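Dropping final_0.txt in here (compact mmCIF, C-alpha atoms and all ligand atoms):
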# COMPACT_ATOMS: atom_id res chain seq x y z
CA MET A 1 -120.15 69.53 -62.60
CA LYS A 2 -118.09 66.55 -61.40
CA LYS A 3 -114.53 66.44 -62.76
CA LYS A 4 -113.89 63.41 -65.00
CA THR A 5 -111.13 61.16 -63.63
CA ALA A 6 -108.38 60.63 -66.16
CA ASP A 7 -108.25 57.29 -67.93
CA TYR A 8 -104.71 56.10 -68.58
CA SER A 9 -105.57 52.44 -69.20
CA HIS A 10 -103.86 52.61 -72.64
CA LEU A 11 -100.47 53.25 -70.93
CA LYS A 12 -98.03 50.56 -69.73
CA PRO A 13 -95.61 50.67 -66.75
CA GLU A 14 -92.63 49.81 -69.03
CA GLN A 15 -93.01 53.05 -71.00
CA PRO A 16 -90.46 55.73 -70.12
CA ILE A 17 -91.06 58.91 -68.14
CA GLY A 18 -90.24 62.04 -70.16
CA ILE A 19 -88.50 64.93 -68.40
CA PHE A 20 -87.42 68.25 -69.84
CA ASP A 21 -85.63 71.48 -68.98
CA SER A 22 -83.53 74.09 -70.75
CA GLY A 23 -80.31 72.46 -69.51
CA VAL A 24 -78.77 70.85 -66.44
CA GLY A 25 -81.42 72.17 -64.02
CA GLY A 26 -83.93 69.40 -64.64
CA LEU A 27 -81.24 66.90 -63.67
CA THR A 28 -81.87 67.85 -60.03
CA VAL A 29 -85.45 66.59 -60.50
CA ALA A 30 -84.39 63.59 -62.62
CA LYS A 31 -81.92 62.54 -59.94
CA GLU A 32 -84.64 62.55 -57.29
CA ILE A 33 -86.98 60.63 -59.62
CA LYS A 34 -84.26 58.01 -60.05
CA ARG A 35 -83.88 57.79 -56.26
CA LEU A 36 -87.61 57.41 -55.54
CA LEU A 37 -88.45 55.38 -58.65
CA PRO A 38 -85.29 53.34 -59.34
CA ASN A 39 -86.90 50.98 -61.88
CA GLU A 40 -88.25 53.60 -64.25
CA ASN A 41 -86.91 54.14 -67.77
CA LEU A 42 -86.26 57.84 -68.29
CA ILE A 43 -85.94 60.09 -71.33
CA TYR A 44 -84.50 63.53 -70.59
CA PHE A 45 -84.49 66.45 -73.03
CA GLY A 46 -82.14 69.36 -72.23
CA ASP A 47 -82.72 72.28 -74.58
CA THR A 48 -79.20 73.67 -74.18
CA LYS A 49 -79.33 75.36 -77.58
CA HIS A 50 -82.04 77.75 -76.36
CA LEU A 51 -80.72 78.28 -72.85
CA PRO A 52 -81.50 80.32 -70.76
CA TYR A 53 -85.29 80.17 -71.04
CA GLY A 54 -85.58 82.76 -68.27
CA ASP A 55 -84.69 85.65 -70.59
CA LYS A 56 -86.89 84.53 -73.50
CA SER A 57 -90.36 85.72 -74.51
CA LYS A 58 -93.45 83.75 -73.50
CA GLU A 59 -94.02 82.86 -77.18
CA ALA A 60 -90.52 81.39 -77.53
CA ILE A 61 -90.87 79.38 -74.28
CA ILE A 62 -94.23 78.01 -75.50
CA GLU A 63 -92.69 77.01 -78.84
CA TYR A 64 -89.74 75.17 -77.23
CA SER A 65 -91.86 73.47 -74.56
CA THR A 66 -94.56 72.20 -76.92
CA LYS A 67 -91.99 70.91 -79.45
CA ILE A 68 -90.18 68.97 -76.72
CA THR A 69 -93.45 67.61 -75.29
CA ASP A 70 -94.48 66.43 -78.76
CA PHE A 71 -91.08 64.70 -79.13
CA LEU A 72 -91.46 62.97 -75.74
CA LEU A 73 -94.98 61.80 -76.61
CA LYS A 74 -93.71 60.41 -79.94
CA ASN A 75 -91.10 58.51 -77.90
CA SER A 76 -93.92 56.75 -76.01
CA CYS A 77 -93.54 58.53 -72.68
CA LYS A 78 -96.21 57.58 -70.13
CA ALA A 79 -95.84 60.88 -68.23
CA ILE A 80 -94.37 64.31 -68.89
CA VAL A 81 -92.39 66.04 -66.14
CA ILE A 82 -91.88 69.73 -66.90
CA ALA A 83 -88.68 69.98 -64.84
CA CYS A 84 -88.44 73.69 -65.53
CA ASN A 85 -90.13 76.48 -63.60
CA THR A 86 -89.87 78.90 -66.50
CA ALA A 87 -91.62 76.47 -68.88
CA THR A 88 -94.25 75.72 -66.21
CA ALA A 89 -94.91 79.41 -65.57
CA ASN A 90 -95.16 80.30 -69.25
CA ALA A 91 -96.28 77.24 -71.17
CA LEU A 92 -98.16 74.85 -68.85
CA LYS A 93 -101.56 75.56 -70.46
CA GLU A 94 -100.20 75.02 -73.96
CA VAL A 95 -98.46 71.78 -72.95
CA GLN A 96 -101.71 70.57 -71.34
CA HIS A 97 -103.61 71.48 -74.51
CA LEU A 98 -101.16 69.53 -76.67
CA VAL A 99 -101.17 66.46 -74.42
CA SER A 100 -104.96 66.70 -74.12
CA GLY A 101 -105.22 64.15 -71.32
CA ALA A 102 -103.24 61.37 -73.07
CA VAL A 103 -100.65 61.15 -70.25
CA PRO A 104 -100.25 62.77 -66.82
CA ILE A 105 -98.27 66.04 -66.65
CA ILE A 106 -96.26 66.89 -63.54
CA ASP A 107 -94.97 70.43 -63.24
CA VAL A 108 -92.50 71.91 -60.74
CA ILE A 109 -94.54 74.82 -59.35
CA ASN A 110 -98.02 73.60 -58.38
CA PRO A 111 -97.01 70.65 -56.13
CA VAL A 112 -94.46 72.85 -54.30
CA ALA A 113 -96.89 75.75 -53.90
CA GLU A 114 -99.59 73.46 -52.53
CA LYS A 115 -97.25 71.78 -50.04
CA VAL A 116 -95.78 75.00 -48.65
CA ALA A 117 -99.21 76.65 -48.47
CA TYR A 118 -100.39 73.93 -46.08
CA GLU A 119 -97.18 73.34 -44.14
CA ILE A 120 -95.52 76.72 -43.84
CA HIS A 121 -97.04 79.61 -41.93
CA ASN A 122 -94.45 82.29 -42.28
CA ASN A 123 -92.93 84.66 -44.85
CA ILE A 124 -91.83 82.88 -48.00
CA GLY A 125 -89.26 84.11 -50.49
CA VAL A 126 -88.97 82.79 -54.04
CA ILE A 127 -85.91 83.22 -56.23
CA ALA A 128 -86.39 82.38 -59.90
CA THR A 129 -85.72 83.47 -63.48
CA LYS A 130 -87.14 86.72 -64.85
CA ALA A 131 -89.80 84.91 -66.90
CA THR A 132 -90.97 82.93 -63.85
CA VAL A 133 -91.12 85.95 -61.54
CA SER A 134 -92.96 88.07 -64.08
CA SER A 135 -95.64 85.36 -64.43
CA GLY A 136 -96.40 85.68 -60.68
CA LEU A 137 -97.38 81.99 -60.68
CA TYR A 138 -95.73 81.10 -57.35
CA LYS A 139 -97.55 83.85 -55.49
CA LYS A 140 -100.86 83.01 -57.19
CA SER A 141 -100.56 79.26 -56.57
CA ILE A 142 -99.52 79.61 -52.93
CA ARG A 143 -102.18 82.21 -52.14
CA LYS A 144 -104.86 80.11 -53.85
CA HIS A 145 -104.39 77.58 -51.03
CA ASN A 146 -103.54 80.00 -48.20
CA LYS A 147 -104.20 83.70 -48.65
CA PHE A 148 -102.50 84.69 -45.39
CA ILE A 149 -98.98 83.79 -46.50
CA LYS A 150 -96.71 86.63 -47.55
CA VAL A 151 -94.75 85.74 -50.69
CA ASP A 152 -91.85 87.84 -51.99
CA GLU A 153 -90.35 86.97 -55.35
CA LEU A 154 -86.98 88.04 -56.73
CA ALA A 155 -85.56 87.49 -60.22
CA THR A 156 -82.01 86.15 -60.02
CA PRO A 157 -81.01 85.82 -63.69
CA LEU A 158 -77.24 85.51 -63.31
CA LEU A 159 -77.44 82.19 -61.46
CA VAL A 160 -78.38 79.98 -64.45
CA PRO A 161 -75.44 81.09 -66.66
CA ALA A 162 -73.07 80.64 -63.69
CA ILE A 163 -74.40 77.13 -63.05
CA GLU A 164 -74.30 76.17 -66.75
CA GLU A 165 -70.66 77.36 -66.80
CA GLY A 166 -69.96 74.99 -63.90
CA PHE A 167 -69.04 77.79 -61.46
CA LYS A 168 -69.74 75.81 -58.29
CA ASN A 169 -67.75 76.82 -55.18
CA HIS A 170 -66.44 79.75 -57.15
CA PRO A 171 -65.94 83.37 -56.01
CA ILE A 172 -68.10 84.63 -58.89
CA THR A 173 -71.04 82.49 -57.78
CA HIS A 174 -70.55 83.49 -54.13
CA ALA A 175 -70.64 87.16 -55.10
CA ILE A 176 -73.82 86.66 -57.15
CA ILE A 177 -75.52 84.75 -54.32
CA TYR A 178 -74.55 87.38 -51.75
CA ASN A 179 -75.75 90.16 -53.97
CA TYR A 180 -79.16 88.60 -54.62
CA LEU A 181 -79.93 87.16 -51.18
CA SER A 182 -79.10 90.41 -49.40
CA ASN A 183 -81.76 92.20 -51.46
CA HIS A 184 -84.21 94.09 -49.22
CA ARG A 185 -87.14 92.18 -50.74
CA LEU A 186 -85.92 88.97 -49.09
CA LYS A 187 -85.07 90.64 -45.79
CA ASN A 188 -87.80 89.13 -43.62
CA ILE A 189 -88.23 85.69 -45.14
CA GLU A 190 -88.15 82.55 -43.02
CA THR A 191 -88.53 80.06 -45.88
CA LEU A 192 -86.96 80.10 -49.34
CA ILE A 193 -88.20 78.32 -52.45
CA LEU A 194 -85.60 77.74 -55.15
CA GLY A 195 -87.95 78.56 -58.02
CA CYS A 196 -85.59 77.32 -60.71
CA THR A 197 -84.50 73.71 -61.05
CA HIS A 198 -80.91 74.82 -61.65
CA TYR A 199 -80.59 76.36 -58.18
CA PRO A 200 -80.45 73.14 -56.09
CA LEU A 201 -77.02 72.66 -57.72
CA LEU A 202 -75.92 75.58 -55.48
CA ILE A 203 -77.92 74.57 -52.42
CA GLU A 204 -74.89 74.27 -50.11
CA GLU A 205 -73.73 77.78 -51.00
CA ILE A 206 -77.26 79.16 -50.52
CA LYS A 207 -77.67 77.42 -47.15
CA GLN A 208 -74.26 78.67 -46.11
CA TYR A 209 -75.36 82.25 -46.72
CA TYR A 210 -78.34 81.85 -44.39
CA GLY A 211 -76.90 79.59 -41.71
CA ASN A 212 -79.95 78.19 -39.89
CA ARG A 213 -82.04 81.35 -40.23
CA VAL A 214 -84.02 80.30 -43.30
CA ARG A 215 -85.49 76.95 -44.30
CA VAL A 216 -84.74 76.02 -47.92
CA ILE A 217 -87.47 73.88 -49.53
CA ASP A 218 -86.47 70.63 -51.26
CA SER A 219 -88.52 71.09 -54.44
CA PRO A 220 -87.06 68.11 -56.42
CA ASN A 221 -88.23 65.78 -53.65
CA ILE A 222 -91.75 67.25 -53.63
CA VAL A 223 -92.03 66.93 -57.43
CA ALA A 224 -90.66 63.36 -57.56
CA SER A 225 -93.02 62.32 -54.73
CA GLN A 226 -95.97 63.79 -56.64
CA LEU A 227 -94.93 61.83 -59.75
CA LYS A 228 -94.66 58.63 -57.71
CA MET A 229 -98.09 59.17 -56.19
CA ILE A 230 -99.68 59.72 -59.63
CA MET A 231 -97.94 56.71 -61.21
CA ASP A 232 -99.03 54.55 -58.30
CA LYS A 233 -102.61 55.78 -58.40
CA HIS A 234 -102.90 54.83 -62.08
CA HIS A 235 -101.05 51.50 -61.75
CA LEU A 236 -98.23 52.82 -63.91
CA LEU A 237 -95.29 52.19 -61.58
CA ASN A 238 -92.51 50.15 -63.17
CA THR A 239 -91.46 47.84 -60.35
CA ASN A 240 -89.77 45.00 -62.17
CA ASN A 241 -86.94 46.59 -64.17
CA PRO A 242 -83.55 46.22 -62.46
CA ASN A 243 -81.61 47.78 -65.37
CA PRO A 244 -83.54 50.87 -66.37
CA ASN A 245 -82.64 52.83 -69.48
CA TYR A 246 -81.58 56.49 -69.17
CA HIS A 247 -81.55 58.33 -72.47
CA PHE A 248 -80.50 61.97 -72.63
CA TYR A 249 -81.19 64.19 -75.63
CA LEU A 250 -79.51 67.58 -75.87
CA SER A 251 -80.08 70.27 -78.49
CA ASP A 252 -76.42 71.26 -77.99
CA ILE A 253 -73.95 68.99 -76.22
CA THR A 254 -72.14 70.84 -73.42
CA LYS A 255 -69.26 69.62 -71.27
CA ASN A 256 -71.03 70.65 -68.07
CA PHE A 257 -74.13 68.63 -68.96
CA GLU A 258 -72.00 65.56 -69.66
CA LYS A 259 -70.23 66.03 -66.34
CA ILE A 260 -73.34 66.48 -64.17
CA SER A 261 -75.42 63.81 -65.92
CA LYS A 262 -72.61 61.28 -65.48
CA LYS A 263 -72.19 62.27 -61.86
CA PHE A 264 -75.93 61.72 -61.19
CA PHE A 265 -76.57 58.72 -63.47
CA GLY A 266 -73.26 56.94 -63.88
CA LYS A 267 -70.94 56.69 -66.88
CA ALA A 268 -73.05 54.40 -69.05
CA ILE A 269 -75.77 56.87 -70.04
CA ASP A 270 -76.84 57.49 -73.64
CA LEU A 271 -76.32 61.09 -74.63
CA GLU A 272 -77.57 62.13 -78.04
CA LEU A 273 -77.63 65.39 -79.97
CA LYS A 274 -81.17 66.25 -81.09
CA VAL A 275 -82.30 69.50 -82.63
CA LEU A 276 -86.08 69.86 -82.84
N1 LIG A 301 -84.19 75.40 -64.95
C1 LIG A 301 -85.13 76.31 -65.44
C2 LIG A 301 -86.16 76.75 -64.47
O1 LIG A 301 -86.49 76.01 -63.58
C3 LIG A 301 -84.76 77.24 -66.55
C4 LIG A 301 -83.62 78.15 -66.37
C5 LIG A 301 -83.36 78.94 -67.63
O2 LIG A 301 -83.15 78.31 -68.67
O3 LIG A 301 -83.38 80.18 -67.57
O4 LIG A 301 -86.70 77.83 -64.57
Please express the file's structure as structure tokens.
Amino acid sequence: MKKKTADYSHLKPEQPIGIFDSGVGGLTVAKEIKRLLPNENLIYFGDTKHLPYGDKSKEAIIEYSTKITDFLLKNSCKAIVIACNTATANALKEVQHLVSGAVPIIDVINPVAEKVAYEIHNNIGVIATKATVSSGLYKKSIRKHNKFIKVDELATPLLVPAIEEGFKNHPITHAIIYNYLSNHRLKNIETLILGCTHYPLLIEEIKQYYGNRVRVIDSPNIVASQLKMIMDKHHLLNTNNPNPNYHFYLSDITKNFEKISKKFFGKAIDLELKVL
């Protein structure tokens, strides 16, 4: 049976793009969206109250993700970007069911898996939260497109708390990175996927560990490019909006979120406490 093409003719380019994550991680994706789509209005939801998602049950992750998606839809978003690997790995189906074709959904695993499956022909390592690794979604999605690629996944749960605490360029973070990346499971990799949107905030430290031995994939760029392609295809690109609106909702306001969001988006952002 032929797949029905989605009809988004009820949506308008001026409507905002909705993005969510458990905390600051999704900002790495939001920043790249702002760079590639500078005229878009954005609504970001950071669920800092329930952070980290990576240690939660599938049921809890589904509950948080669907509540946030519902909130973003009620705020007239024309697309939903699940800027969280853990939510993608555990709640994508439920989010799709809730949205039921009303707006496009862009997740952070499938576009990356598809791109590396076609472009990379060597051993791939994935570091991610426990809940992402136990879903096995990276391996499944990559091997769906190319079954000859070897994929090794490693849960690296201490990185998110360190990043949320703002421990960048810090001996604690260096020790954690060293400890995880020297794990025997990642011994023969030639490419590394940062399977958590928080991790690009430590990309320099991670690259430093490897020198030039391992290629680190730029997932935020792949995801933002996918979003741009979909918006363009459906005539939903906002091209005439020189002063876009950036609204950030947080379920618990943290100093580190304020710091990183202002660094990426400038001082004049709206930051609002919102418990769902
Ligand atoms: N940034 C998220 C991810 O990509 C979630 C991290 C967490 O809350 O554990 O998986």
- Message: Quick one: residues within 10 Å of Gly266 in chain A, only C-alpha atoms, excluding same-chain residues fewer than 6 positions away - as a PyMOL selection string?
- Response: chain A and resi 246+259-260
- Item | Using all atoms listed in the file: which of A:Thr156, A:Ser76, A:Asn123, A:Thr5 has the shortest distance to ligand LIG 301 (chain A) | A:Thr156
- Atom pair CA of Glu114 in chain A + CA of Val126 in chain A, distance 14.2 Å
- Using only C-alpha atoms, which residues sit within 9 Å of Tyr199 in chain A once same-chain residues fewer than 3 positions away are excluded, as a VMD selection string? chain A and resid 25 28 127 to 128 159 to 160 163 194 to 196 202 to 203 206
- Item | Top pick for closest residue to ligand LIG 301 (chain A), considering A:Lys150, A:His198, A:Arg35, A:His170 and counting only C-alpha atoms and all ligand atoms |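 Residue with the minimum atom-to-atom distance to ligand LIG 301 (chain A): A:His198.
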- Query: With all atoms listed in the file as the atoms that count, which of A:Leu236, A:Ala131, A:Ala224, A:Ile269 lies nearest to Gly54 in chain A?
  - Reply: A:Ala131
- Message: Could you list, as JSON, numbers by chain, all residues that come within 10 Å of ligand LIG 301 (chain A)? Count only C-alpha atoms and all ligand atoms.
- Response: {"A": [20, 21, 22, 23, 24, 25, 26, 27, 28, 29, 46, 47, 48, 50, 51, 52, 53, 54, 55, 56, 61, 82, 83, 84, 85, 86, 87, 88, 89, 90, 108, 109, 127, 128, 129, 130, 131, 132, 133, 156, 157, 158, 159, 160, 161, 163, 164, 194, 195, 196, 197, 198, 199, 200]}
- Item | Between CA of Met231 in chain A and CA of Thr66 in chain A - distance in Å to one decimal |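 We find that CA of Thr66 in chain A and CA of Met231 in chain A lie 22.3 Å from each other.
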- Message: If I take CA of Pro220 in chain A and CA of Glu59 in chain A, how far is one from the other in Å, to one decimal?
- Response: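 Computing it gives 26.4 Å between the two atoms.
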- In terms of only C-alpha atoms, the residue from A:Thr69, A:Asn146, A:Asn169, A:Ser251 at minimal distance from Glu119 in chain A is A:Asn146
- For Leu192 in chain A, list every protein, DNA or RNA residue within 10 Å, evaluated using all atoms listed in the file, and leave out those in the same chain fewer than 4 positions away; present the list as a ChimeraX atom specification. /A:123-127,151-153,186,206-207,214-218
- Task: Using only C-alpha atoms, give me every residue within 10 Å of (-89.5, 46.0, -61.3) in file coordinates, as a VMD selection string.
- Result: chain A and resid 13 to 14 37 to 40 237 to 244
Mind filling out range 2-20 of chain A with N, CA, C and O atoms and sending it as a PDB file, keeping the file's coordinate frame?
ATOM      1  N   LYS A   2    -119.145  67.394 -61.962  1.00  0.00           N
ATOM      2  CA  LYS A   2    -118.090  66.550 -61.400  1.00  0.00           C
ATOM      3  C   LYS A   2    -116.939  66.423 -62.402  1.00  0.00           C
ATOM      4  O   LYS A   2    -117.154  66.241 -63.601  1.00  0.00           O
ATOM      5  N   LYS A   3    -115.698  66.548 -61.886  1.00  0.00           N
ATOM      6  CA  LYS A   3    -114.530  66.440 -62.760  1.00  0.00           C
ATOM      7  C   LYS A   3    -114.327  64.995 -63.196  1.00  0.00           C
ATOM      8  O   LYS A   3    -114.385  64.091 -62.371  1.00  0.00           O
ATOM      9  N   LYS A   4    -114.116  64.783 -64.499  1.00  0.00           N
ATOM     10  CA  LYS A   4    -113.890  63.410 -65.000  1.00  0.00           C
ATOM     11  C   LYS A   4    -112.537  62.904 -64.540  1.00  0.00           C
ATOM     12  O   LYS A   4    -111.547  63.609 -64.664  1.00  0.00           O
ATOM     13  N   THR A   5    -112.466  61.668 -63.990  1.00  0.00           N
ATOM     14  CA  THR A   5    -111.130  61.160 -63.630  1.00  0.00           C
ATOM     15  C   THR A   5    -110.439  60.680 -64.902  1.00  0.00           C
ATOM     16  O   THR A   5    -111.062  60.084 -65.789  1.00  0.00           O
ATOM     17  N   ALA A   6    -109.134  60.948 -64.948  1.00  0.00           N
ATOM     18  CA  ALA A   6    -108.380  60.630 -66.160  1.00  0.00           C
ATOM     19  C   ALA A   6    -108.312  59.116 -66.359  1.00  0.00           C
ATOM     20  O   ALA A   6    -108.218  58.354 -65.399  1.00  0.00           O
ATOM     21  N   ASP A   7    -108.364  58.713 -67.610  1.00  0.00           N
ATOM     22  CA  ASP A   7    -108.250  57.290 -67.930  1.00  0.00           C
ATOM     23  C   ASP A   7    -106.924  57.063 -68.657  1.00  0.00           C
ATOM     24  O   ASP A   7    -106.729  57.510 -69.786  1.00  0.00           O
ATOM     25  N   TYR A   8    -106.020  56.367 -67.969  1.00  0.00           N
ATOM     26  CA  TYR A   8    -104.710  56.100 -68.580  1.00  0.00           C
ATOM     27  C   TYR A   8    -104.536  54.601 -68.840  1.00  0.00           C
ATOM     28  O   TYR A   8    -103.422  54.096 -68.846  1.00  0.00           O
ATOM     29  N   SER A   9    -105.647  53.900 -69.058  1.00  0.00           N
ATOM     30  CA  SER A   9    -105.570  52.440 -69.200  1.00  0.00           C
ATOM     31  C   SER A   9    -104.815  52.011 -70.469  1.00  0.00           C
ATOM     32  O   SER A   9    -104.405  50.865 -70.589  1.00  0.00           O
ATOM     33  N   HIS A  10    -104.621  52.943 -71.416  1.00  0.00           N
ATOM     34  CA  HIS A  10    -103.860  52.610 -72.640  1.00  0.00           C
ATOM     35  C   HIS A  10    -102.345  52.634 -72.388  1.00  0.00           C
ATOM     36  O   HIS A  10    -101.565  52.228 -73.240  1.00  0.00           O
ATOM     37  N   LEU A  11    -101.921  53.137 -71.210  1.00  0.00           N
ATOM     38  CA  LEU A  11    -100.470  53.250 -70.930  1.00  0.00           C
ATOM     39  C   LEU A  11     -99.961  52.018 -70.193  1.00  0.00           C
ATOM     40  O   LEU A  11    -100.701  51.351 -69.490  1.00  0.00           O
ATOM     41  N   LYS A  12     -98.648  51.748 -70.365  1.00  0.00           N
ATOM     42  CA  LYS A  12     -98.030  50.560 -69.730  1.00  0.00           C
ATOM     43  C   LYS A  12     -96.888  50.997 -68.808  1.00  0.00           C
ATOM     44  O   LYS A  12     -96.154  51.942 -69.136  1.00  0.00           O
ATOM     45  N   PRO A  13     -96.684  50.290 -67.679  1.00  0.00           N
ATOM     46  CA  PRO A  13     -95.610  50.670 -66.750  1.00  0.00           C
ATOM     47  C   PRO A  13     -94.225  50.711 -67.400  1.00  0.00           C
ATOM     48  O   PRO A  13     -93.382  51.517 -67.007  1.00  0.00           O
ATOM     49  N   GLU A  14     -93.965  49.865 -68.405  1.00  0.00           N
ATOM     50  CA  GLU A  14     -92.630  49.810 -69.030  1.00  0.00           C
ATOM     51  C   GLU A  14     -92.302  51.082 -69.822  1.00  0.00           C
ATOM     52  O   GLU A  14     -91.135  51.337 -70.142  1.00  0.00           O
ATOM     53  N   GLN A  15     -93.294  51.843 -70.205  1.00  0.00           N
ATOM     54  CA  GLN A  15     -93.010  53.050 -71.000  1.00  0.00           C
ATOM     55  C   GLN A  15     -92.172  54.036 -70.177  1.00  0.00           C
ATOM     56  O   GLN A  15     -92.292  54.083 -68.948  1.00  0.00           O
ATOM     57  N   PRO A  16     -91.311  54.804 -70.864  1.00  0.00           N
ATOM     58  CA  PRO A  16     -90.460  55.730 -70.120  1.00  0.00           C
ATOM     59  C   PRO A  16     -91.208  56.954 -69.590  1.00  0.00           C
ATOM     60  O   PRO A  16     -92.294  57.277 -70.064  1.00  0.00           O
ATOM     61  N   ILE A  17     -90.571  57.615 -68.630  1.00  0.00           N
ATOM     62  CA  ILE A  17     -91.060  58.910 -68.140  1.00  0.00           C
ATOM     63  C   ILE A  17     -90.254  59.987 -68.870  1.00  0.00           C
ATOM     64  O   ILE A  17     -89.024  59.906 -68.927  1.00  0.00           O
ATOM     65  N   GLY A  18     -90.921  60.951 -69.427  1.00  0.00           N
ATOM     66  CA  GLY A  18     -90.240  62.040 -70.160  1.00  0.00           C
ATOM     67  C   GLY A  18     -90.051  63.245 -69.260  1.00  0.00           C
ATOM     68  O   GLY A  18     -90.978  63.653 -68.543  1.00  0.00           O
ATOM     69  N   ILE A  19     -88.833  63.795 -69.275  1.00  0.00           N
ATOM     70  CA  ILE A  19     -88.500  64.930 -68.400  1.00  0.00           C
ATOM     71  C   ILE A  19     -87.836  65.992 -69.271  1.00  0.00           C
ATOM     72  O   ILE A  19     -86.992  65.654 -70.098  1.00  0.00           O
ATOM     73  N   PHE A  20     -88.191  67.257 -69.075  1.00  0.00           N
ATOM     74  CA  PHE A  20     -87.420  68.250 -69.840  1.00  0.00           C
ATOM     75  C   PHE A  20     -87.139  69.538 -69.071  1.00  0.00           C
ATOM     76  O   PHE A  20     -87.823  69.899 -68.132  1.00  0.00           O
TER      77      PHE A  20
END
